[in-house]
Each structure stands twice: as structure tokens, then as C-alpha cells.
file start-v3.tsv (TSV, C-alpha atoms and all ligand atoms)
chain	number	residue	atom	x	y	z
A	1	MET	CA	74.80	107.74	106.61
A	2	ILE	CA	77.05	110.36	108.22
A	3	GLU	CA	76.73	113.89	106.90
A	4	ILE	CA	79.15	116.56	108.03
A	5	LYS	CA	77.89	120.00	107.14
A	6	ASN	CA	79.78	123.29	107.38
A	7	LEU	CA	81.76	121.94	110.31
A	8	GLU	CA	84.06	124.42	112.05
A	9	LYS	CA	86.31	123.87	115.05
A	10	THR	CA	88.38	126.54	116.72
A	11	TYR	CA	90.43	125.98	119.87
A	12	PRO	CA	90.80	129.12	121.92
A	13	SER	CA	94.25	129.68	123.38
A	14	LYS	CA	96.10	132.50	125.10
A	15	SER	CA	98.19	133.23	122.04
A	16	GLY	CA	95.09	133.42	119.82
A	17	ASP	CA	92.54	131.04	118.38
A	18	VAL	CA	93.72	127.88	116.62
A	19	VAL	CA	91.49	127.04	113.69
A	20	ALA	CA	91.53	123.25	113.41
A	21	LEU	CA	88.65	122.78	110.91
A	22	LYS	CA	87.14	125.18	108.39
A	23	ASP	CA	83.86	124.60	106.60
A	24	ILE	CA	84.14	120.82	106.28
A	25	ASN	CA	81.47	119.10	104.17
A	26	LEU	CA	81.58	115.33	103.75
A	27	THR	CA	79.10	112.52	103.28
A	28	VAL	CA	79.91	108.97	104.32
A	29	GLU	CA	77.46	106.47	102.85
A	30	ASP	CA	76.51	103.23	104.57
A	31	GLY	CA	78.96	100.48	103.65
A	32	ASP	CA	81.82	102.85	102.80
A	33	ILE	CA	85.36	102.42	104.00
A	34	TYR	CA	86.13	106.12	103.98
A	35	GLY	CA	89.72	107.26	104.32
A	36	ILE	CA	90.72	110.69	105.57
A	37	ILE	CA	94.34	111.50	104.84
A	38	GLY	CA	96.50	114.52	105.51
A	39	LEU	CA	99.80	115.66	106.92
A	40	SER	CA	100.42	116.09	110.64
A	41	GLY	CA	98.39	118.93	112.16
A	42	ALA	CA	95.96	119.05	109.23
A	43	GLY	CA	92.97	118.51	111.53
A	44	LYS	CA	92.27	114.79	111.04
A	45	SER	CA	91.93	113.80	114.69
A	46	THR	CA	89.84	116.86	115.42
A	47	LEU	CA	87.52	115.87	112.57
A	48	VAL	CA	87.07	112.29	113.71
A	49	ARG	CA	86.53	113.39	117.32
A	50	CYS	CA	83.85	115.82	116.17
A	51	ILE	CA	81.99	112.98	114.43
A	52	ASN	CA	81.06	111.40	117.77
A	53	LEU	CA	81.13	114.71	119.60
A	54	LEU	CA	84.13	113.80	121.76
A	55	GLU	CA	85.04	117.29	120.59
A	56	LYS	CA	82.26	119.84	120.40
A	57	PRO	CA	82.13	121.60	117.04
A	58	THR	CA	82.31	125.39	117.10
A	59	ASP	CA	79.77	125.48	114.28
A	60	GLY	CA	78.05	123.21	111.76
A	61	GLN	CA	76.16	119.94	111.89
A	62	ILE	CA	76.98	116.25	112.34
A	63	LEU	CA	74.05	114.23	111.05
A	64	ILE	CA	73.98	110.54	111.88
A	65	ASP	CA	71.17	108.95	109.88
A	66	GLY	CA	69.57	112.37	109.74
A	67	GLU	CA	69.85	113.18	113.45
A	68	ASP	CA	72.00	116.20	114.32
A	69	LEU	CA	74.34	115.21	117.16
A	70	THR	CA	75.04	118.85	117.99
A	71	LYS	CA	71.35	119.38	118.79
A	72	VAL	CA	70.30	116.23	120.70
A	73	SER	CA	69.98	115.87	124.48
A	74	LYS	CA	72.81	114.37	126.56
A	75	LYS	CA	70.81	111.18	127.04
A	76	ARG	CA	70.15	110.79	123.33
A	77	LEU	CA	73.82	111.56	122.58
A	78	LEU	CA	74.88	108.64	124.78
A	79	GLU	CA	72.45	106.35	122.96
A	80	LEU	CA	73.65	107.50	119.55
A	81	ARG	CA	77.30	107.10	120.57
A	82	ARG	CA	76.71	103.38	121.11
A	83	ASN	CA	76.22	103.25	117.40
A	84	ILE	CA	79.71	104.68	116.79
A	85	GLY	CA	82.71	102.62	117.89
A	86	MET	CA	86.18	104.10	117.95
A	87	ILE	CA	89.76	102.81	117.99
A	88	PHE	CA	92.99	104.74	118.50
A	89	GLN	CA	96.67	104.64	117.64
A	90	HIS	CA	97.70	103.65	121.17
A	91	PHE	CA	94.84	101.21	121.73
A	92	ASN	CA	93.67	102.84	125.01
A	93	LEU	CA	92.99	99.52	126.78
A	94	LEU	CA	92.31	99.24	130.50
A	95	GLU	CA	95.55	97.74	131.79
A	96	GLN	CA	94.03	96.35	135.00
A	97	ARG	CA	91.42	94.35	133.13
A	98	THR	CA	91.82	91.14	131.20
A	99	VAL	CA	91.12	90.98	127.48
A	100	GLU	CA	87.58	89.69	128.03
A	101	ASP	CA	86.89	92.32	130.67
A	102	ASN	CA	88.09	95.08	128.35
A	103	VAL	CA	85.55	93.89	125.80
A	104	ARG	CA	82.98	93.61	128.61
A	105	PHE	CA	83.40	97.23	129.65
A	106	PRO	CA	81.00	98.89	127.14
A	107	LEU	CA	78.51	96.07	127.73
A	108	GLU	CA	78.48	96.83	131.47
A	109	ILE	CA	77.90	100.50	130.75
A	110	SER	CA	75.04	99.57	128.43
A	111	LYS	CA	73.63	97.33	131.22
A	112	VAL	CA	73.64	94.18	129.10
A	113	LYS	CA	72.88	91.06	131.19
A	114	ARG	CA	75.87	88.97	132.27
A	115	ASP	CA	74.88	85.89	130.21
A	116	GLU	CA	74.44	87.97	127.11
A	117	GLN	CA	77.76	89.74	127.86
A	118	ASN	CA	79.58	86.40	127.92
A	119	LYS	CA	78.00	85.25	124.68
A	120	ARG	CA	78.93	88.45	122.90
A	121	ILE	CA	82.47	88.49	124.26
A	122	GLU	CA	83.02	84.95	123.02
A	123	ARG	CA	81.73	85.83	119.57
A	124	LEU	CA	83.74	89.08	119.39
A	125	LEU	CA	86.98	87.38	120.41
A	126	GLU	CA	86.34	84.82	117.66
A	127	ILE	CA	85.90	87.60	115.11
A	128	VAL	CA	89.22	89.21	116.06
A	129	ASN	CA	90.88	85.80	116.41
A	130	LEU	CA	91.87	86.15	120.07
A	131	SER	CA	89.76	83.50	121.80
A	132	ASP	CA	92.88	82.00	123.38
A	133	LYS	CA	93.84	85.32	125.00
A	134	ALA	CA	90.58	85.96	126.87
A	135	LYS	CA	92.25	85.75	130.29
A	136	SER	CA	95.44	87.62	129.38
A	137	TYR	CA	96.21	91.19	130.39
A	138	PRO	CA	97.06	93.92	127.85
A	139	SER	CA	100.71	93.97	129.02
A	140	GLN	CA	101.01	90.34	127.85
A	141	LEU	CA	99.94	91.16	124.28
A	142	SER	CA	101.68	92.42	121.15
A	143	GLY	CA	100.64	95.72	119.55
A	144	GLY	CA	98.59	93.96	116.88
A	145	GLN	CA	96.82	91.83	119.49
A	146	LYS	CA	96.07	94.93	121.60
A	147	GLN	CA	94.50	96.60	118.57
A	148	ARG	CA	92.39	93.48	118.01
A	149	VAL	CA	91.12	93.74	121.58
A	150	ALA	CA	90.34	97.41	120.99
A	151	ILE	CA	88.43	96.47	117.83
A	152	ALA	CA	86.43	93.80	119.70
A	153	ARG	CA	85.63	96.34	122.41
A	154	ALA	CA	84.59	98.95	119.84
A	155	LEU	CA	82.26	96.43	118.22
A	156	ALA	CA	80.71	95.23	121.50
A	157	THR	CA	77.61	97.39	121.26
A	158	ASN	CA	77.02	96.39	117.61
A	159	PRO	CA	77.80	99.82	116.21
A	160	LYS	CA	76.88	100.74	112.69
A	161	TYR	CA	79.96	102.96	112.39
A	162	LEU	CA	83.59	102.45	113.35
A	163	LEU	CA	86.00	105.40	113.59
A	164	CYS	CA	89.71	104.59	113.42
A	165	ASP	CA	92.24	107.29	114.28
A	166	GLU	CA	95.68	106.16	113.03
A	167	ALA	CA	94.79	102.63	114.13
A	168	THR	CA	97.78	101.07	112.42
A	169	SER	CA	100.38	103.83	112.83
A	170	ALA	CA	102.07	102.12	115.79
A	171	LEU	CA	102.25	98.75	114.04
A	172	ASP	CA	104.79	97.13	111.72
A	173	PRO	CA	103.84	96.67	108.04
A	174	GLN	CA	102.81	93.02	108.37
A	175	THR	CA	100.65	93.61	111.44
A	176	THR	CA	99.19	96.68	109.72
A	177	GLU	CA	98.13	94.43	106.83
A	178	SER	CA	96.39	91.99	109.14
A	179	ILE	CA	94.53	94.72	111.03
A	180	LEU	CA	93.43	96.29	107.73
A	181	ASP	CA	92.26	92.88	106.52
A	182	LEU	CA	90.25	92.53	109.72
A	183	LEU	CA	88.66	95.96	109.27
A	184	LYS	CA	87.70	95.05	105.72
A	185	GLU	CA	86.20	91.77	106.87
A	186	ILE	CA	84.19	93.60	109.54
A	187	ASN	CA	82.95	96.01	106.89
A	188	GLN	CA	81.95	93.20	104.56
A	189	THR	CA	80.55	90.61	106.93
A	190	LEU	CA	79.03	92.79	109.65
A	191	GLY	CA	78.14	95.69	107.35
A	192	VAL	CA	79.95	98.21	109.57
A	193	THR	CA	80.74	101.54	107.88
A	194	VAL	CA	84.38	102.40	108.59
A	195	ILE	CA	86.10	105.79	108.72
A	196	ILE	CA	89.88	105.61	108.72
A	197	ILE	CA	92.16	108.49	109.58
A	198	THR	CA	95.71	108.05	108.38
A	199	HIS	CA	98.75	109.82	107.04
A	200	GLU	CA	99.78	106.72	105.08
A	201	MET	CA	98.83	106.28	101.45
A	202	LYS	CA	99.25	102.52	101.74
A	203	VAL	CA	96.30	102.31	104.13
A	204	ILE	CA	94.00	104.16	101.76
A	205	GLU	CA	95.20	102.14	98.82
A	206	LYS	CA	94.67	98.84	100.54
A	207	ILE	CA	91.13	99.10	101.84
A	208	CYS	CA	89.37	102.41	101.28
A	209	THR	CA	86.61	102.95	98.75
A	210	LYS	CA	86.54	106.71	99.12
A	211	VAL	CA	89.02	109.28	100.35
A	212	ALA	CA	89.09	112.87	101.52
A	213	VAL	CA	92.37	114.78	101.57
A	214	ILE	CA	92.58	117.32	104.35
A	215	ASP	CA	95.13	120.13	104.44
A	216	HIS	CA	95.39	123.09	106.79
A	217	SER	CA	91.90	122.53	108.24
A	218	ASN	CA	90.21	122.19	104.82
A	219	VAL	CA	89.07	119.27	102.70
A	220	VAL	CA	91.02	119.95	99.51
A	221	GLU	CA	89.66	117.05	97.51
A	222	ASN	CA	87.54	113.98	97.94
A	223	GLY	CA	85.92	111.21	95.95
A	224	LYS	CA	86.40	107.62	94.88
A	225	VAL	CA	89.92	106.41	95.65
A	226	SER	CA	90.50	105.43	92.01
A	227	ASP	CA	89.58	108.93	90.79
A	228	VAL	CA	91.66	110.81	93.36
A	229	PHE	CA	94.60	108.45	92.79
A	230	ALA	CA	94.38	108.78	89.04
A	231	ASP	CA	94.49	112.54	89.04
A	232	PRO	CA	95.29	114.18	92.36
A	233	LYS	CA	94.76	117.91	91.99
A	234	SER	CA	95.89	119.57	95.19
A	235	ASP	CA	99.57	119.95	96.01
A	236	VAL	CA	99.24	117.98	99.21
A	237	ALA	CA	97.44	115.10	97.48
A	238	LYS	CA	100.16	115.02	94.83
A	239	GLN	CA	102.82	114.95	97.55
A	240	LEU	CA	101.06	112.10	99.33
A	241	ILE	CA	100.01	110.03	96.34
A	242	ILE	CA	102.65	110.54	93.69
A	243	PRO	CA	105.80	111.90	95.38
A	244	ASP	CA	108.15	110.12	92.93
A	245	LEU	CA	106.22	111.48	89.99
A	246	ILE	CA	106.55	115.00	91.36
A	247	ARG	CA	110.29	114.45	91.68
A	248	ALA	CA	110.55	112.97	88.17
A	249	THR	CA	108.64	115.79	86.52
A	250	ALA	CA	110.54	118.44	88.46
A	251	GLU	CA	113.80	117.29	86.88
A	252	LYS	CA	114.93	119.75	84.24
A	253	THR	CA	115.71	117.54	81.25
A	254	GLY	CA	114.92	120.12	78.58
A	255	ASP	CA	112.35	117.77	77.06
A	256	VAL	CA	108.61	118.15	76.98
A	257	LYS	CA	107.00	115.76	79.42
A	258	LEU	CA	103.55	114.34	79.01
A	259	ARG	CA	101.89	112.78	82.00
A	260	LEU	CA	99.46	110.08	80.90
A	261	ILE	CA	96.68	109.40	83.35
A	262	PHE	CA	95.14	105.94	83.43
A	263	ASN	CA	91.79	105.71	85.13
A	264	GLY	CA	90.55	102.32	84.08
A	265	GLU	CA	90.41	102.95	80.33
A	266	VAL	CA	91.32	99.81	78.45
A	267	THR	CA	93.19	100.13	75.17
A	268	ASP	CA	93.08	97.46	72.49
A	269	ARG	CA	96.90	97.27	72.25
A	270	PRO	CA	99.66	98.10	74.72
A	271	LEU	CA	99.63	101.86	74.44
A	272	ILE	CA	103.29	102.83	74.33
A	273	SER	CA	104.39	100.22	71.82
A	274	ALA	CA	101.33	101.03	69.68
A	275	LEU	CA	102.21	104.73	69.83
A	276	ALA	CA	105.81	104.00	68.82
A	277	LEU	CA	104.77	101.76	65.93
A	278	ASP	CA	101.88	103.88	64.63
A	279	LEU	CA	103.76	107.18	64.76
A	280	GLY	CA	107.18	105.75	64.04
A	281	ILE	CA	108.82	107.47	66.99
A	282	ALA	CA	110.73	106.21	69.98
A	283	VAL	CA	109.28	107.39	73.26
A	284	ASN	CA	111.23	107.62	76.47
A	285	ILE	CA	109.46	106.62	79.65
A	286	LEU	CA	110.66	108.82	82.49
A	287	TYR	CA	108.35	107.44	85.13
A	288	ALA	CA	105.65	104.82	85.37
A	289	ASP	CA	103.53	103.66	88.23
A	290	THR	CA	100.43	101.91	87.03
A	291	LYS	CA	98.42	99.30	88.81
A	292	ILE	CA	95.83	96.88	87.56
A	293	TYR	CA	92.59	96.73	89.53
A	294	ASP	CA	89.84	94.57	88.13
A	295	LYS	CA	91.83	94.08	84.91
A	296	ARG	CA	91.90	97.84	84.33
A	297	PRO	CA	94.94	100.10	84.52
A	298	TYR	CA	95.19	102.99	86.99
A	299	GLY	CA	98.04	105.35	87.61
A	300	HIS	CA	100.52	107.55	85.82
A	301	MET	CA	103.21	107.41	83.20
A	302	VAL	CA	105.47	110.26	82.17
A	303	ILE	CA	106.87	110.14	78.65
A	304	THR	CA	109.35	112.62	77.21
A	305	ILE	CA	109.49	114.18	73.77
A	306	PRO	CA	112.52	116.16	72.64
A	307	ASN	CA	111.85	119.81	73.28
A	308	GLY	CA	111.08	122.16	70.44
A	309	ASP	CA	109.49	119.65	68.12
A	310	ASN	CA	105.96	121.05	68.25
A	311	GLU	CA	104.78	119.07	65.28
A	312	LEU	CA	105.78	115.82	67.00
A	313	ILE	CA	104.15	116.87	70.27
A	314	ASP	CA	100.91	117.58	68.41
A	315	ARG	CA	101.00	114.19	66.73
A	316	VAL	CA	101.49	112.44	70.06
A	317	THR	CA	98.77	114.40	71.85
A	318	ASP	CA	96.33	113.88	68.95
A	319	TYR	CA	97.10	110.19	69.10
A	320	LEU	CA	96.43	110.04	72.86
A	321	ALA	CA	93.20	111.99	72.48
A	322	GLN	CA	92.09	109.62	69.74
A	323	LYS	CA	92.72	106.66	72.05
A	324	GLY	CA	90.78	108.34	74.84
A	325	ILE	CA	93.83	108.63	77.10
A	326	ASN	CA	93.88	111.56	79.46
A	327	TYR	CA	97.15	113.50	79.57
A	328	LYS	CA	98.70	116.64	80.95
A	329	LYS	CA	101.67	118.56	79.64
A	330	GLU	CA	104.20	119.00	82.41
A	331	LEU	CA	106.93	121.63	82.17
A	401	LIG	N1	92.90	120.47	122.44
A	401	LIG	C1	93.49	121.32	121.59
A	401	LIG	N2	93.75	122.61	121.96
A	401	LIG	C2	94.32	123.48	121.11
A	401	LIG	N3	94.70	123.17	119.86
A	401	LIG	C3	94.47	121.91	119.43
A	401	LIG	C4	93.87	120.92	120.27
A	401	LIG	N4	93.78	119.77	119.57
A	401	LIG	C5	94.31	120.02	118.36
A	401	LIG	N5	94.72	121.30	118.26
A	401	LIG	C6	95.33	121.95	117.07
A	401	LIG	O1	94.46	121.75	115.96
A	401	LIG	C7	95.21	121.46	114.78
A	401	LIG	C8	94.77	120.12	114.21
A	401	LIG	O2	95.16	119.09	115.12
A	401	LIG	P1	94.80	117.55	114.90
A	401	LIG	O3	95.23	116.82	116.11
A	401	LIG	O4	93.39	117.45	114.50
A	401	LIG	O5	95.74	117.19	113.65
A	401	LIG	P2	96.03	115.79	112.98
A	401	LIG	O6	95.76	115.96	111.52
A	401	LIG	O7	95.31	114.70	113.67
A	401	LIG	O8	97.60	115.61	113.18
A	401	LIG	P3	98.48	114.27	113.45
A	401	LIG	O9	98.63	113.60	112.10
A	401	LIG	O10	99.79	114.81	113.93
A	401	LIG	O11	97.77	113.43	114.45
A	401	LIG	C9	96.66	121.53	115.17
A	401	LIG	O12	97.15	122.81	114.85
A	401	LIG	C10	96.64	121.32	116.67
A	401	LIG	O13	97.73	121.97	117.28
A	402	MG	MG	95.90	113.02	114.75
call {"tool": "encode", "arguments": {"input": "start-v3.tsv", "output": "C-alpha cells", "more": "lines below"}}
Ligand SMILES: Nc1ncnc2c1ncn2[C@@H]1O[C@H](COP(=O)(O)OP(=O)(O)OP(=O)(O)O)[C@@H](O)[C@H]1O
Ligand SMILES: [Mg+2]
result
Amino acid sequence: MIEIKNLEKTYPSKSGDVVALKDINLTVEDGDIYGIIGLSGAGKSTLVRCINLLEKPTDGQILIDGEDLTKVSKKRLLELRRNIGMIFQHFNLLEQRTVEDNVRFPLEISKVKRDEQNKRIERLLEIVNLSDKAKSYPSQLSGGQKQRVAIARALATNPKYLLCDEATSALDPQTTESILDLLKEINQTLGVTVIIITHEMKVIEKICTKVAVIDHSNVVENGKVSDVFADPKSDVAKQLIIPDLIRATAEKTGDVKLRLIFNGEVTDRPLISALALDLGIAVNILYADTKIYDKRPYGHMVITIPNGDNELIDRVTDYLAQKGINYKKEL
């Protein structure tokens, strides 16, 4: 488990201190694929670099399985770091070394015997599906292949945790999918806990179990992806998760808009047609983006009711409440 407690990071500079992180508290449980999302400059990279102490926190604690990285000796820090692999947006491979020798690098540093090195490299290249490229150089590989090498290298010392800083941001959508599939497979088959930094909602949606939204150095919300997606509360989360909904509800139509929030509740009949039939009213759907996970609906729908008809609005909201559907009145 990774526990981040009251983490602060300030960069001193001539023109004044830059506060990159303010009082961050997060817990990543073993087995999680934990997404951290935010706009550029929010503090995401600083946060992930503090987790393995590549960046020294100004204040606070980083507990890895109960051990505070900010307090341990240099020697112990090096040992603990072997338990935390990391991959980056621009892969950071050693250009002068072949694929297999890139993967070998952390094994040499850890003084693993040559025979054992070879065995592990073979296995790792199988996992990332690059066995045929063992003797190639990074310059001979595509972006997706380079990231696979970086993943194999990060996994070489059998880490329990893998930190990914914008690992797919330099890749096309299809390659992104395949790298995300690989990360999920590594999480599921090797039991590696994964932390993913991204500014892309798609990445969170595809593989993360939990998410923290970071804005201007603060965590503004966090929790299960389905909960945060169903009802994002902060402005930045709304912008990232439901930008079209924000646009739709901002339109001045003169009608009252109700945003229905689906968070896995299952209704006995299709809700909107049931509402129309039971109340005898026609409802306009201004916006809908719902997804089915595990046979349950998640997402949002905005319906409009002609303005001024308070009696009708009450009937609709009573009906929704009766059906256990969460809603918000949008102006
Ligand atoms: N080494 C540094 N020295 C001074 N300021 C820094 C340093 N690194 C980051 N910062 C500042 O800290 C803030 C957070 O930066 P960080 O790189 O963590 O953001 P980010 O969320 O990763 O952004 P991006 O999505 O663009 O990668 C920014 O204001 C940045 O300018
Ligand atoms: Mg960054």
C-alpha cells in the first residue's frame, strides 16, 4: 500500500516560491490501477516523482507498506526504489544499448548474476511481446515498441508498484490501447499495483479502478472511477469528464433542465419512456451519455421541461425520487 500524507512540494525560484503540491493525501491499495488526472501544470509529475523520492518533498510523508521514504537511509531508499518501477512519456531508453541490454540495465545495478539476467530478460520480453526485437536498438523501434521496452525494464526488478507518467501521451490511439491493455494484464497477472498520470479521460476510463483529480496543486476529488464519473463535483473534473454536458447545460433554452445521474441503479423499465407514459408528458432529451458496465448504466442525461410549469417539474422530480434516480436541477 502507498500512503501519501500531508505531502507538500515547493520549488524555490528567484521570482518567488512555486507551490507545486499542497497538502496531498491519497491512499493507493495493493492491486489498484490508480489514475491521477489534471490539467497541465496541476502538479501531476511532481506528485509521481515524490512517490519514489526522485523529487524530495518539502513536507509530509510517503509510506510504502508502512515505511516512510522521507525518513529512511540512502541505502534503504535504493532498496525500496527497486520495488517501484517507473515509465515516462518519452520512454527514456539508453540509445546505445540494444533492447535486451536496456532491460538488463537495472539487473546489472542490482548485481543479478548473468545467467539469471538472461532468463529474466527472455521472460520480460515475452510479457511485452518483443522477443523478436531483443537485438534491435531503440532507434529501430516504433513509439509503442519503445514503451514496451521501457515497461520490461521497469519490471526487471520485480517491482510491486509501477508509476506511469503520461506513458501513452506520445502514442497514437491504437498504440495507446495496446499499451493500456498491457498495463492491465501486468496488473492482473503479475499483481503489480499501477499508478497512472494522465491528462486524458480515455485512459482513466479504460483501465483505472480509482481516480484522483488534481487541480492547482490540490487533490480536488478522488474515489472509485464509477463514482467520480457519475457525479463529478469540482469544476475541473466536470471539464475533464463531461465537457459536452457542461456545454449543453450552459445553453440558454429558457427551459428547466434536469440532469439525471446514473450510477449503476437498474430500473425495471426504460426510464424515459416509463416517465413519459406514467406521467403523460413528452420529455425532451438535451444530452445523453450513458454507458453500460456490468449490465448497469452509468453516466448522465439532461432532460428539459418547459420553464414556469412548477407543478410539472414537481411531478417529474417526485417520479425520479420514487424510482431512486439521482438528479440535479441545472439552470
Ligand atoms: N524543477 C522545477 N522547478 C521549479 N518549478 C517546477 C519544477 N518542476 C515543476 N515545477 C512547477 O510546478 C508546477 C507543477 O508542475 P508539474 O510538472 O508537476 O505539472 P504537471 O501536472 O505534470 O503538468 P503537465 O501535464 O504539463 O506535465 C508547475 O507550476 C511547474 O512550473
Ligand atoms: Mg507532467
call {"tool": "closest_residue", "arguments": {"input": "start-v3.tsv", "among": "A:Lys252, A:His199, A:Arg120, A:Arg153", "to": "ligand MG 402 (chain A)", "atoms": "only C-alpha atoms and all ligand atoms"}}
result
A:His199
call {"tool": "residues_around", "arguments": {"input": "start-v3.tsv", "residues": "Arg97 in chain A", "least_positions_apart": "3", "cutoff": "12 Å", "atoms": "only C-alpha atoms", "output": "PyMOL selection string"}}
result
chain A and resi 92-94+100-105+134-140+149
call {"tool": "closest_residue", "arguments": {"input": "start-v3.tsv", "among": "A:Asp165, A:Glu108, A:Glu200, A:Glu79", "to": "ligand MG 402 (chain A)", "atoms": "all atoms listed in the file"}}
result
A:Asp165
call {"tool": "closest_residue", "arguments": {"input": "start-v3.tsv", "among": "A:Val72, A:Ala156, A:Val302, A:Val228", "to": "Thr249 in chain A", "atoms": "only C-alpha atoms"}}
result
A:Val302
call {"tool": "closest_residue", "arguments": {"input": "start-v3.tsv", "among": "A:Tyr34, A:Phe229, A:Phe88, A:Tyr293", "to": "ligand LIG 401 (chain A)", "atoms": "only C-alpha atoms and all ligand atoms"}}
result
A:Phe88
call {"tool": "residues_around", "arguments": {"input": "start-v3.tsv", "residues": "range 122-131 of chain A", "least_positions_apart": "3", "cutoff": "7 Å", "atoms": "only C-alpha atoms", "output": "PyMOL selection string"}}
result
chain A and resi 118-119+134+148+152
call {"tool": "residues_near_point", "arguments": {"input": "start-v3.tsv", "point": "(86.1, 123.5, 106.4)", "cutoff": "6 Å", "atoms": "all atoms listed in the file", "output": "list of chain:residue names"}}
result
A:Leu21, A:Lys22, A:Asp23, A:Ile24, A:Asn218
call {"tool": "residues_near_ligand", "arguments": {"input": "start-v3.tsv", "ligand": "ligand MG 402 (chain A)", "cutoff": "12 Å", "atoms": "all atoms listed in the file", "output": "list in words"}}
result
Ala20, Ile36, Ile37, Gly38, Leu39, Ser40, Gly41, Ala42, Gly43, Lys44, Ser45, Thr46, Leu47, Val48, Arg49, Phe88, Gln89, His90, Cys164, Asp165, Glu166, Ala167, Ser169, Ile196, Ile197, Thr198, His199 and Ile214 of chain A
call {"tool": "closest_residue", "arguments": {"input": "start-v3.tsv", "among": "A:Ile62, A:Ile186, A:Val213, A:Ile151", "to": "ligand LIG 401 (chain A)", "atoms": "all atoms listed in the file"}}
result
A:Val213
call {"tool": "residues_around", "arguments": {"input": "start-v3.tsv", "residues": "range 189-193 of chain A", "least_positions_apart": "6", "cutoff": "8 Å", "atoms": "all atoms listed in the file", "output": "ChimeraX atom specification"}}
result
/A:29-33,159-162
call {"tool": "atom_distance", "arguments": {"input": "start-v3.tsv", "atom1": "CA of Lys14 in chain A", "atom2": "atom O5 of ligand LIG 401 (chain A)"}}
result
19.1 Å
call {"tool": "closest_residue", "arguments": {"input": "start-v3.tsv", "among": "A:Val256, A:Val266, A:Val99, A:Val220", "to": "Asn284 in chain A", "atoms": "all atoms listed in the file"}}
result
A:Val256
call {"tool": "axis_aligned_box", "arguments": {"input": "start-v3.tsv", "around": "range 194-208 of chain A", "padding_each_side": "6 Å", "output": "JSON"}}
result
{"center_x": 92.1, "center_y": 104.3, "center_z": 104.2, "size_x": 27.4, "size_y": 23.0, "size_z": 22.8}
call {"tool": "atom_distance", "arguments": {"input": "start-v3.tsv", "atom1": "CA of Tyr298 in chain A", "atom2": "CA of Gly35 in chain A"}}
result
18.7 Å
call {"tool": "atom_distance", "arguments": {"input": "start-v3.tsv", "atom1": "CA of Lys5 in chain A", "atom2": "CA of Val211 in chain A"}}
result
16.9 Å
call {"tool": "residues_around", "arguments": {"input": "start-v3.tsv", "residues": "range 312-318 of chain A", "least_positions_apart": "5", "cutoff": "12 Å", "atoms": "all atoms listed in the file", "output": "NGL selection string"}}
result
:A and (255-260 or 271-272 or 274-283 or 303-307 or 323-329)
call {"tool": "residues_around", "arguments": {"input": "start-v3.tsv", "residues": "Leu78 in chain A", "least_positions_apart": "3", "cutoff": "12 Å", "atoms": "all atoms listed in the file", "output": "MDAnalysis selection string"}}
result
chainID A and resid 52:54 69 72:75 81:84 106 109:110
call {"tool": "write_last_selection", "arguments": {"input": "start-v3.tsv", "atoms": "C-alpha atoms", "output": "compact mmCIF listing (two decimals), in the frame of the given file"}}
result
# COMPACT_ATOMS: atom_id res chain seq x y z
CA ASN A 52 81.06 111.40 117.77
CA LEU A 53 81.13 114.71 119.60
CA LEU A 54 84.13 113.80 121.76
CA LEU A 69 74.34 115.21 117.16
CA VAL A 72 70.30 116.23 120.70
CA SER A 73 69.98 115.87 124.48
CA LYS A 74 72.81 114.37 126.56
CA LYS A 75 70.81 111.18 127.04
CA ARG A 81 77.30 107.10 120.57
CA ARG A 82 76.71 103.38 121.11
CA ASN A 83 76.22 103.25 117.40
CA ILE A 84 79.71 104.68 116.79
CA PRO A 106 81.00 98.89 127.14
CA ILE A 109 77.90 100.50 130.75
CA SER A 110 75.04 99.57 128.43
call {"tool": "residues_near_point", "arguments": {"input": "start-v3.tsv", "point": "(83.3, 124.3, 118.0)", "cutoff": "10 Å", "atoms": "only C-alpha atoms", "output": "number ranges by chain"}}
result
A: 7-12, 19-21, 50, 53, 55-60, 70
call {"tool": "build_atoms", "arguments": {"input": "start-v3.tsv", "residues": "range 270-284 of chain A", "atoms": "N, CA and C atoms", "output": "PDB file, in the frame of the given file"}}
result
ATOM      1  N   PRO A 270      98.825  97.397  73.740  1.00  0.00           N
ATOM      2  CA  PRO A 270      99.660  98.100  74.720  1.00  0.00           C
ATOM      3  C   PRO A 270      99.987  99.489  74.180  1.00  0.00           C
ATOM      4  N   LEU A 271      99.654 100.493  74.957  1.00  0.00           N
ATOM      5  CA  LEU A 271      99.630 101.860  74.440  1.00  0.00           C
ATOM      6  C   LEU A 271     100.969 102.365  73.911  1.00  0.00           C
ATOM      7  N   ILE A 272     102.018 102.195  74.707  1.00  0.00           N
ATOM      8  CA  ILE A 272     103.290 102.830  74.330  1.00  0.00           C
ATOM      9  C   ILE A 272     103.898 102.175  73.091  1.00  0.00           C
ATOM     10  N   SER A 273     103.827 100.848  73.023  1.00  0.00           N
ATOM     11  CA  SER A 273     104.390 100.220  71.820  1.00  0.00           C
ATOM     12  C   SER A 273     103.526 100.551  70.609  1.00  0.00           C
ATOM     13  N   ALA A 274     102.201 100.653  70.801  1.00  0.00           N
ATOM     14  CA  ALA A 274     101.330 101.030  69.680  1.00  0.00           C
ATOM     15  C   ALA A 274     101.666 102.440  69.202  1.00  0.00           C
ATOM     16  N   LEU A 275     101.882 103.342  70.176  1.00  0.00           N
ATOM     17  CA  LEU A 275     102.210 104.730  69.830  1.00  0.00           C
ATOM     18  C   LEU A 275     103.527 104.779  69.046  1.00  0.00           C
ATOM     19  N   ALA A 276     104.508 104.020  69.492  1.00  0.00           N
ATOM     20  CA  ALA A 276     105.810 104.000  68.820  1.00  0.00           C
ATOM     21  C   ALA A 276     105.684 103.451  67.393  1.00  0.00           C
ATOM     22  N   LEU A 277     104.912 102.379  67.259  1.00  0.00           N
ATOM     23  CA  LEU A 277     104.770 101.760  65.930  1.00  0.00           C
ATOM     24  C   LEU A 277     103.935 102.640  64.996  1.00  0.00           C
ATOM     25  N   ASP A 278     102.796 103.118  65.488  1.00  0.00           N
ATOM     26  CA  ASP A 278     101.880 103.880  64.630  1.00  0.00           C
ATOM     27  C   ASP A 278     102.472 105.211  64.205  1.00  0.00           C
ATOM     28  N   LEU A 279     103.210 105.860  65.099  1.00  0.00           N
ATOM     29  CA  LEU A 279     103.760 107.180  64.760  1.00  0.00           C
ATOM     30  C   LEU A 279     105.212 107.096  64.304  1.00  0.00           C
ATOM     31  N   GLY A 280     105.790 105.919  64.461  1.00  0.00           N
ATOM     32  CA  GLY A 280     107.180 105.750  64.040  1.00  0.00           C
ATOM     33  C   GLY A 280     108.167 106.564  64.860  1.00  0.00           C
ATOM     34  N   ILE A 281     107.876 106.734  66.140  1.00  0.00           N
ATOM     35  CA  ILE A 281     108.820 107.470  66.990  1.00  0.00           C
ATOM     36  C   ILE A 281     109.167 106.641  68.224  1.00  0.00           C
ATOM     37  N   ALA A 282     110.350 106.880  68.736  1.00  0.00           N
ATOM     38  CA  ALA A 282     110.730 106.210  69.980  1.00  0.00           C
ATOM     39  C   ALA A 282     110.372 107.135  71.134  1.00  0.00           C
ATOM     40  N   VAL A 283     109.714 106.581  72.115  1.00  0.00           N
ATOM     41  CA  VAL A 283     109.280 107.390  73.260  1.00  0.00           C
ATOM     42  C   VAL A 283     110.074 106.963  74.479  1.00  0.00           C
ATOM     43  N   ASN A 284     110.559 107.949  75.211  1.00  0.00           N
ATOM     44  CA  ASN A 284     111.230 107.620  76.470  1.00  0.00           C
ATOM     45  C   ASN A 284     110.229 107.619  77.613  1.00  0.00           C
TER      46      ASN A 284
END
